[in-house]
Amino acid sequence: MADQTTSSPKARAAIIPVTAFEQNCTLIWCDATNRGVVIDPGGDVDRIMDAIAKTGVTVEKIWLTHGHLDHAGGAAELKERLGGVPIEGPHLADKYQLDNVEESAKRFGFTGMRNVTPDRWLDEGDQVTIGNLTFDILHCPGHSPGSVVFFNQEMRFAHVGDVLFNGSVGRTDLPGGDHATLINSIATKLLPLGDDVGFICGHGPGSSIGQERLSNPFIAGA
């Protein structure tokens with residue numbers, strides 16, 4: 001587990017790589033309250049629980065950026081092991097993916113993954129909270145129909161899931177994916193947030209909107 005501190009001292013984040021896809025399961029917590037959220041617990045729930053124990057954070061919610069198995073496959077089990085904390089997100093358009101996590105897992109040879117039913121679906125303009133932190137919801141389809149981004153205006157920080165990467169963008173060859181829709185989501189939802197916004201993504205190192213605008217070959221100069 002590698003600690004990563006966001007641009008404001010009011011929150012901290014720890015990355016917990018899970019599954020063979022090295023998905024960035026992320027633990028974010030409010031410094032003032034020590035209350036936290038796990039974003040995208042795709043699997044390896046024992047590893048996630050160990051990371052939570054090491055930080056001493058009280059996890060009160062689970063957030064999902066989208067419904068692909070490497071992001072949602074461990075959510076049902078983690079919810080149970082955390083005493084029934086609510087699962088929030090993604091957008092309703094990813095219900096099909098969440099209803100078929102187990103079937104998808106079989107095709108990839110994963111065991112222990114379960115279908116997921118969120119306690120709350122998220123849509124454009126919604127807000128979610130953890131401790132004293134408030135995140136705005138941006139619906140950013142393209143990688144999947146129901147992908148959402150969590151954005152904290154005060155900290156100038158976002159968790160973008162698989163919408164945007166350091167030097168790349170989310171793949172769009174999976175069911176429900178569409179490249180033009182993804183690029184439109186990035187251009188109309190993420191780039192306007194501002195070049196100073198840093199982000200954690202679903203795989204690999206994070207970046208900033210400004211860095212990606214400058215050098216990402218998919219959106220450079222936008």
# chains A, B, ... in the order shown; residues from 1 in each chain; ligands from 1
>>> closest_atom_pairs(of="region 5-54 of chain A", to="region 107-114 of chain A", cutoff="9 Å", atoms="only C-alpha atoms", output="JSON lines")
{"residue": "A:Thr19", "atom": "CA", "partner": "A:Phe110", "partner_atom": "CA", "distance": 8.7}
{"residue": "A:Gly42", "atom": "CA", "partner": "A:Met113", "partner_atom": "CA", "distance": 8.2}
{"residue": "A:Gly43", "atom": "CA", "partner": "A:Met113", "partner_atom": "CA", "distance": 6.9}
>>> write_last_selection(atoms="N, CA, C and O atoms", output="PDB file, in the first residue's frame")
ATOM      1  N   THR A  19      -6.460  -7.243  -7.723  1.00  0.00           N
ATOM      2  CA  THR A  19      -6.694  -8.132  -8.864  1.00  0.00           C
ATOM      3  C   THR A  19      -5.485  -8.168  -9.788  1.00  0.00           C
ATOM      4  O   THR A  19      -4.563  -7.356  -9.675  1.00  0.00           O
ATOM      5  N   GLY A  42     -12.266  -3.838  -6.149  1.00  0.00           N
ATOM      6  CA  GLY A  42     -12.472  -4.809  -7.210  1.00  0.00           C
ATOM      7  C   GLY A  42     -12.237  -6.253  -6.807  1.00  0.00           C
ATOM      8  O   GLY A  42     -12.695  -7.171  -7.490  1.00  0.00           O
ATOM      9  N   GLY A  43     -11.545  -6.486  -5.703  1.00  0.00           N
ATOM     10  CA  GLY A  43     -11.243  -7.842  -5.257  1.00  0.00           C
ATOM     11  C   GLY A  43     -10.180  -7.797  -4.183  1.00  0.00           C
ATOM     12  O   GLY A  43      -9.879  -6.724  -3.648  1.00  0.00           O
TER      13      GLY A  43
END
>>> select_by_dssp(residues="region 7-200 of chain A", states="helix (DSSP H, G or I)", output="VMD selection string")
chain A and resid 45 to 55 69 to 72 75 to 81 92 to 99 101 to 108 179 to 193
>>> closest_residue(among="A:Gln23, A:Gln127, A:Asn100, A:Thr65", to="Asn115 (chain A)", atoms="only C-alpha atoms")
A:Asn100
>>> residues_around(residues="region 171-177 of chain A", least_positions_apart="2", cutoff="8 Å", atoms="only C-alpha atoms", output="PyMOL selection string")
chain A and resi 141-145+169+179+182
>>> closest_residue(among="A:Ile15, A:Ala187, A:Val85, A:Met155", to="Thr55 (chain A)", atoms="only C-alpha atoms")
A:Ile15
>>> closest_residue(among="A:Asp162, A:Asp195, A:Asp70, A:Asp31", to="Ile209 (chain A)", atoms="only C-alpha atoms")
A:Asp195
>>> residues_around(residues="Gly83 (chain A)", least_positions_apart="6", cutoff="12 Å", atoms="only C-alpha atoms", output="tab-separated table (two decimals) with N, CA, C and O atoms, in the first residue's frame")
chain	number	residue	atom	x	y	z
A	58	THR	N	-11.95	4.74	9.97
A	58	THR	CA	-13.30	4.16	10.05
A	58	THR	C	-13.98	4.34	8.71
A	58	THR	O	-14.33	5.45	8.31
A	59	VAL	N	-14.12	3.25	7.97
A	59	VAL	CA	-14.73	3.32	6.64
A	59	VAL	C	-16.24	3.27	6.78
A	59	VAL	O	-16.81	2.34	7.36
A	60	GLU	N	-16.90	4.29	6.25
A	60	GLU	CA	-18.34	4.41	6.38
A	60	GLU	C	-19.09	4.23	5.06
A	60	GLU	O	-20.31	4.10	5.06
A	61	LYS	N	-18.36	4.22	3.92
A	61	LYS	CA	-19.02	4.09	2.63
A	61	LYS	C	-18.11	3.38	1.64
A	61	LYS	O	-16.89	3.31	1.82
A	62	ILE	N	-18.73	2.86	0.59
A	62	ILE	CA	-18.03	2.32	-0.58
A	62	ILE	C	-18.57	3.08	-1.79
A	62	ILE	O	-19.78	3.19	-1.96
A	76	ALA	N	-19.49	-6.28	-2.71
A	76	ALA	CA	-20.51	-6.94	-1.88
A	76	ALA	C	-19.88	-7.56	-0.64
A	76	ALA	O	-20.40	-7.42	0.48
A	77	GLU	N	-18.74	-8.23	-0.83
A	77	GLU	CA	-18.06	-8.83	0.32
A	77	GLU	C	-17.54	-7.77	1.28
A	77	GLU	O	-17.67	-7.90	2.51
>>> atom_distance(atom1="CA of Ala14 (chain A)", atom2="CA of Glu212 (chain A)")
22.3 Å
